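So the structure is just underneath, and the comments pick up after that.
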Amino acid sequence: MIILHNAAQVITPLTGGGFRIVDRGAIAYDQDLIVFVGSTEEAIASYPSAERIDVSRKVLLPGFVDAHTHLIFAGNRCNEFLMRLRGATYQEIAAAGGGIQSTVKATRDAAPEQLLEAARADLQTMLSFGTTTVEIKSGYGLTFESEMKLLQVAGTLRDTSPQDILITFLGAHDFPREKSREDYVVELMENMLPAVAGEKLADFCDVFCDQGYYSNEQTRTIGRRAAELGLRMKLHVDELADVNGAALAAELNAVSADHLIFANDEGIEKMAESGVCAVLLPGTSFSLRMPRHAPARKMIARGVRVATATDFNPGTCFCHSMQYILQLSTLLYGLTAEEAITAGTLNGAAALGLESRTGSLEPGKQMDCLIFDIPHYGYLFYNLGSNRLETVVKRGKVLWNKKQNLR
Ligand code: NIG
Ligand code: FE
């Protein structure tokens, strides 16, 4: 048993709702699980023989949950970012041969070892900003063999990485060039989805349902097939246009609907009614230089659970840092500091079905805890662009430390 005590603040959202701030706080944990969160006096009185670690002048938070990433790919699209700085749009760049298809080409050509090495380095960078749980999507293969290759790399990462990892099959990210759209949907339904579900290669299935990509009808067909096979849906919807994707996510009983920049009011109501989490990606609309951002305030007002994530990918948002995402969610969406922390921790866990295990500092949950060298949690937002993280504890083990840069 170990007690972290004398923390300036212990900060956490609460699973049943609400937000807790304990001044001069403490956390007691046994192996990988939290047993107590509260005042330093009470922790020491309850567990007098526990080992004590003084964390004076530090703020403790739950580990960040990055519930939406496209972590496995080859190459980069820095050139596209520079083109956007000169005024080109995402759609113009994709139409000119860039976009997802250029990453598909590089990723198909890459050996699994190469993809694994790059993804490991990216996960380590994410850890250094406090991400302890990560969702990883396939989607840059778009053939049976290459999508399976990406899911196998994701499986190796899940089995060997310090973070908890969940895997999403996004074979419906775009359409491959060498087949008709109809034929590829048949391939998804008849071959890819059964293999993914049969071999348990993924936890979720996702579709990019948007203008120019998968239609609502195609998404519905794929979603129903995935459900038959026991895979729950996550959806990329309403990122480029209002395609009524929020309502579709509710209809398909998706775990989450992601992006939602153009989501309409009716869809938002339906998401609230069916308990679909919103996963909002402020780095994406920001990095795409879009004039609008997801209507997070409206969603919260209607009772939708709002999570935030990086969307880490080579095209629309090359961002490793959940700290940066939390800052953007306050400045672009108008979230309060407490809402932004909840969105990047507990609500991210809910969007992955992991709410009972992680996402908050509460007894019975995993000891996934961040130690920040700041005097108040407000500094997470106030101190723009700095990384004041000092130590990352995952399941009770120190995985990263700023001074020693321990793994
Ligand atoms: O979430 N919208 C679809 N997929 C990614 C972008 C993929 C890419 O451009 O490579 C996203 O923004
Ligand atoms: Fe995405």
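Ordering of the structure tokens sets the chain letters (A, B, ...), residue numbers begin anew at 1 in every chain, and ligands are numbered from 1 in the order given.
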Name the residues of region 37-263 of chain A that come out as helix (DSSP H, G or I) in a backbone DSSP run; write them as a ChimeraX atom specification. /A:40-46,78-85,90-95,100-109,112-128,144-160,181-198,216-228,245-251
Could you take the residues named above and write them with C-alpha atoms, as a short mmCIF file (atom, residue, chain, number, x, y, z; two decimals), in the first residue's frame?
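As a result, part.cif now contains:
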data_model
loop_
_atom_site.label_atom_id
_atom_site.label_comp_id
_atom_site.auth_asym_id
_atom_site.auth_seq_id
_atom_site.Cartn_x
_atom_site.Cartn_y
_atom_site.Cartn_z
CA THR A 40 -4.08 13.63 4.00
CA GLU A 41 -5.05 13.30 7.70
CA GLU A 42 -7.70 10.69 6.98
CA ALA A 43 -5.44 8.71 4.62
CA ILE A 44 -2.66 8.48 7.20
CA ALA A 45 -5.06 7.67 10.05
CA SER A 46 -6.74 4.92 7.99
CA CYS A 78 3.26 18.15 -43.48
CA ASN A 79 3.05 19.51 -47.04
CA GLU A 80 -0.77 19.55 -46.77
CA PHE A 81 -0.63 21.53 -43.57
CA LEU A 82 1.58 24.10 -45.32
CA MET A 83 -0.90 24.20 -48.24
CA ARG A 84 -3.72 24.91 -45.78
CA LEU A 85 -1.69 27.76 -44.33
CA TYR A 90 -9.03 19.71 -46.81
CA GLN A 91 -11.46 18.79 -49.58
CA GLU A 92 -9.43 20.61 -52.27
CA ILE A 93 -6.26 18.80 -51.17
CA ALA A 94 -8.02 15.41 -51.17
CA ALA A 95 -9.47 16.07 -54.65
CA ILE A 100 -6.43 9.90 -46.84
CA GLN A 101 -5.44 8.25 -50.13
CA SER A 102 -1.86 9.45 -49.96
CA THR A 103 -1.48 7.96 -46.46
CA VAL A 104 -3.16 4.76 -47.69
CA LYS A 105 -0.48 4.36 -50.33
CA ALA A 106 2.39 4.87 -47.88
CA THR A 107 0.78 2.61 -45.26
CA ARG A 108 0.12 -0.26 -47.65
CA ASP A 109 3.80 -0.17 -48.66
CA PRO A 112 4.43 -4.13 -39.93
CA GLU A 113 7.69 -3.60 -38.00
CA GLN A 114 8.02 -0.10 -39.42
CA LEU A 115 4.42 0.78 -38.49
CA LEU A 116 4.95 -0.69 -35.03
CA GLU A 117 8.10 1.31 -34.40
CA ALA A 118 6.49 4.59 -35.44
CA ALA A 119 3.34 3.91 -33.39
CA ARG A 120 5.40 3.02 -30.30
CA ALA A 121 7.26 6.32 -30.52
CA ASP A 122 3.96 8.20 -30.85
CA LEU A 123 2.47 6.37 -27.85
CA GLN A 124 5.54 7.29 -25.81
CA THR A 125 5.12 10.96 -26.76
CA MET A 126 1.44 10.77 -25.80
CA LEU A 127 2.45 9.30 -22.45
CA SER A 128 4.79 12.23 -21.83
CA PHE A 144 -8.54 -7.06 -46.60
CA GLU A 145 -4.82 -7.82 -46.16
CA SER A 146 -3.68 -4.32 -45.30
CA GLU A 147 -6.53 -3.67 -42.82
CA MET A 148 -5.72 -6.98 -41.09
CA LYS A 149 -2.05 -5.93 -41.00
CA LEU A 150 -3.01 -2.68 -39.23
CA LEU A 151 -5.27 -4.48 -36.73
CA GLN A 152 -2.48 -6.94 -35.97
CA VAL A 153 -0.06 -4.08 -35.33
CA ALA A 154 -2.70 -2.55 -33.04
CA GLY A 155 -3.03 -5.92 -31.25
CA THR A 156 0.73 -6.06 -30.69
CA LEU A 157 0.63 -2.52 -29.30
CA ARG A 158 -2.22 -3.50 -26.97
CA ASP A 159 -0.24 -6.50 -25.70
CA THR A 160 3.07 -4.69 -25.23
CA ARG A 181 -17.68 1.73 -54.00
CA GLU A 182 -20.40 -0.93 -54.12
CA ASP A 183 -17.90 -3.76 -54.42
CA TYR A 184 -15.88 -2.47 -51.48
CA VAL A 185 -18.97 -2.30 -49.25
CA VAL A 186 -19.69 -5.93 -50.21
CA GLU A 187 -16.07 -6.81 -49.32
CA LEU A 188 -16.50 -5.08 -45.94
CA MET A 189 -19.75 -6.90 -45.19
CA GLU A 190 -18.86 -10.36 -46.44
CA ASN A 191 -15.17 -10.71 -45.70
CA MET A 192 -13.63 -8.01 -43.55
CA LEU A 193 -16.23 -7.60 -40.78
CA PRO A 194 -16.67 -11.36 -40.20
CA ALA A 195 -12.88 -11.80 -39.96
CA VAL A 196 -12.49 -8.86 -37.57
CA ALA A 197 -15.31 -10.08 -35.32
CA GLY A 198 -14.45 -13.78 -35.63
CA ASN A 216 -26.06 7.17 -44.45
CA GLU A 217 -27.50 4.11 -46.19
CA GLN A 218 -24.07 2.47 -46.52
CA THR A 219 -23.28 3.36 -42.90
CA ARG A 220 -26.58 1.87 -41.74
CA THR A 221 -25.90 -1.37 -43.65
CA ILE A 222 -22.38 -1.68 -42.21
CA GLY A 223 -23.57 -0.73 -38.72
CA ARG A 224 -26.29 -3.39 -38.71
CA ARG A 225 -23.88 -6.05 -39.92
CA ALA A 226 -21.36 -5.07 -37.23
CA ALA A 227 -24.09 -5.30 -34.58
CA GLU A 228 -25.06 -8.80 -35.79
CA GLY A 245 -25.05 11.75 -38.74
CA ALA A 246 -25.81 12.46 -35.08
CA ALA A 247 -29.32 11.01 -35.50
CA LEU A 248 -27.89 8.02 -37.36
CA ALA A 249 -25.49 7.34 -34.47
CA ALA A 250 -28.48 7.30 -32.11
CA GLU A 251 -30.42 5.00 -34.45
#
Taking 3 positions as the minimum chain separation for residues in the same chain, which residues sit within 6 Å of region 48-62 of chain A when counting only C-alpha atoms? Answer as a list in words.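 My reading of the contact set: Met1, Ile2, Ile3, Leu4, His5, Asn6, Ala7, Ala8, Gln9, Val10, Ile11, Ile44, Ala45, Gly359, Ser360, Leu361, Asp368, Cys369, Leu370, Ile371, Phe372, Asp373, Ile374 and Pro375 of chain A.
Residue neighbourhood of Asp203 (chain A), excluding near-sequence residues (fewer than 6 positions): Leu166, Ile167, Thr168 and Leu231 of chain A, at 7 Å, using only C-alpha atoms.
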Same residues, N, CA, C and O atoms, saved as a PDB file, in the first residue's frame:
ATOM      1  N   LEU A 166      -7.555   0.345 -26.749  1.00  0.00           N
ATOM      2  CA  LEU A 166      -8.729  -0.257 -27.380  1.00  0.00           C
ATOM      3  C   LEU A 166      -8.610  -0.084 -28.883  1.00  0.00           C
ATOM      4  O   LEU A 166      -8.007   0.895 -29.354  1.00  0.00           O
ATOM      5  N   ILE A 167      -9.178  -1.037 -29.620  1.00  0.00           N
ATOM      6  CA  ILE A 167      -8.945  -1.076 -31.066  1.00  0.00           C
ATOM      7  C   ILE A 167     -10.269  -0.940 -31.822  1.00  0.00           C
ATOM      8  O   ILE A 167     -11.259  -1.587 -31.489  1.00  0.00           O
ATOM      9  N   THR A 168     -10.260  -0.091 -32.835  1.00  0.00           N
ATOM     10  CA  THR A 168     -11.447   0.126 -33.666  1.00  0.00           C
ATOM     11  C   THR A 168     -11.129  -0.190 -35.125  1.00  0.00           C
ATOM     12  O   THR A 168     -10.131   0.301 -35.665  1.00  0.00           O
ATOM     13  N   LEU A 231     -20.111  -6.368 -32.770  1.00  0.00           N
ATOM     14  CA  LEU A 231     -19.212  -5.206 -32.656  1.00  0.00           C
ATOM     15  C   LEU A 231     -20.034  -3.938 -32.484  1.00  0.00           C
ATOM     16  O   LEU A 231     -20.914  -3.656 -33.307  1.00  0.00           O
TER      17      LEU A 231
END
Within 7 Å of ligand 1, counting only C-alpha atoms and all ligand atoms, which protein or nucleic acid residues do you find, written as number ranges by chain? A: 99-100, 103, 173, 208, 236, 239, 284, 311, 313-317
Distance in Å - CA of Ala28 (chain A) versus CA of Thr12 (chain A):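 Pair CA of Ala28 (chain A) / CA of Thr12 (chain A) returns 14.6 Å.
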12 Å contact set for region 266-268 of chain A, only C-alpha atoms, chain neighbours under 6 positions out, as a compact mmCIF listing (two decimals) with C-alpha atoms, in the first residue's frame:
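Written out: result14.txt:
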# COMPACT_ATOMS: atom_id res chain seq x y z
CA VAL A 237 -20.07 11.98 -38.59
CA ASP A 238 -20.93 15.55 -39.52
CA ASP A 242 -24.49 18.18 -41.78
CA VAL A 243 -25.37 14.71 -43.06
CA ASN A 244 -27.77 13.95 -40.19
CA GLY A 245 -25.05 11.75 -38.74
CA ALA A 246 -25.81 12.46 -35.08
CA ALA A 247 -29.32 11.01 -35.50
CA LEU A 248 -27.89 8.02 -37.36
CA ALA A 249 -25.49 7.34 -34.47
CA ALA A 250 -28.48 7.30 -32.11
CA GLU A 251 -30.42 5.00 -34.45
CA ALA A 257 -20.48 9.79 -32.41
CA LEU A 260 -20.08 16.45 -34.96
CA SER A 274 -30.14 7.23 -26.56
CA GLY A 275 -27.11 7.94 -24.40
CA VAL A 276 -24.61 8.20 -27.28
CA CYS A 277 -21.38 9.92 -26.13
CA ALA A 278 -20.07 12.78 -28.22
CA ALA A 294 -18.50 21.43 -32.64
CA PRO A 295 -21.45 22.84 -30.62
CA ALA A 296 -20.21 21.46 -27.30
CA ARG A 297 -22.13 23.89 -25.08
CA LYS A 298 -25.39 23.02 -26.76
CA MET A 299 -24.69 19.30 -26.34
CA ILE A 300 -23.93 19.67 -22.65
CA ALA A 301 -27.09 21.77 -22.20
CA ARG A 302 -29.18 19.00 -23.84
CA GLY A 303 -27.62 16.32 -21.64
CA VAL A 304 -25.18 14.70 -24.10
CA ARG A 305 -22.05 13.34 -22.51
CA VAL A 306 -19.10 15.18 -24.10
Selected residue of minimal separation from ligand 2 among A:Ser285, A:Thr143, A:Ser329, A:Gln404, counting only C-alpha atoms and all ligand atoms: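 Result for the nearest residue to ligand 2: A:Ser285.
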Members of region 75-229 of chain A assigned strand (DSSP E or B) by DSSP, as number ranges by chain: A: 131-137, 164-172, 204-209, 214
Tell me, in Å to one decimal, how far CA of Asp174 (chain A) is from CA of Asn76 (chain A).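 Distance reported for this atom pair: 17.9 Å.
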Option closest in space to ligand 2, from A:Ile165, A:Val279, A:Met271, A:Ala254 [counting only C-alpha atoms and all ligand atoms]: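 Closest to ligand 2, using only C-alpha atoms and all ligand atoms: A:Val279.
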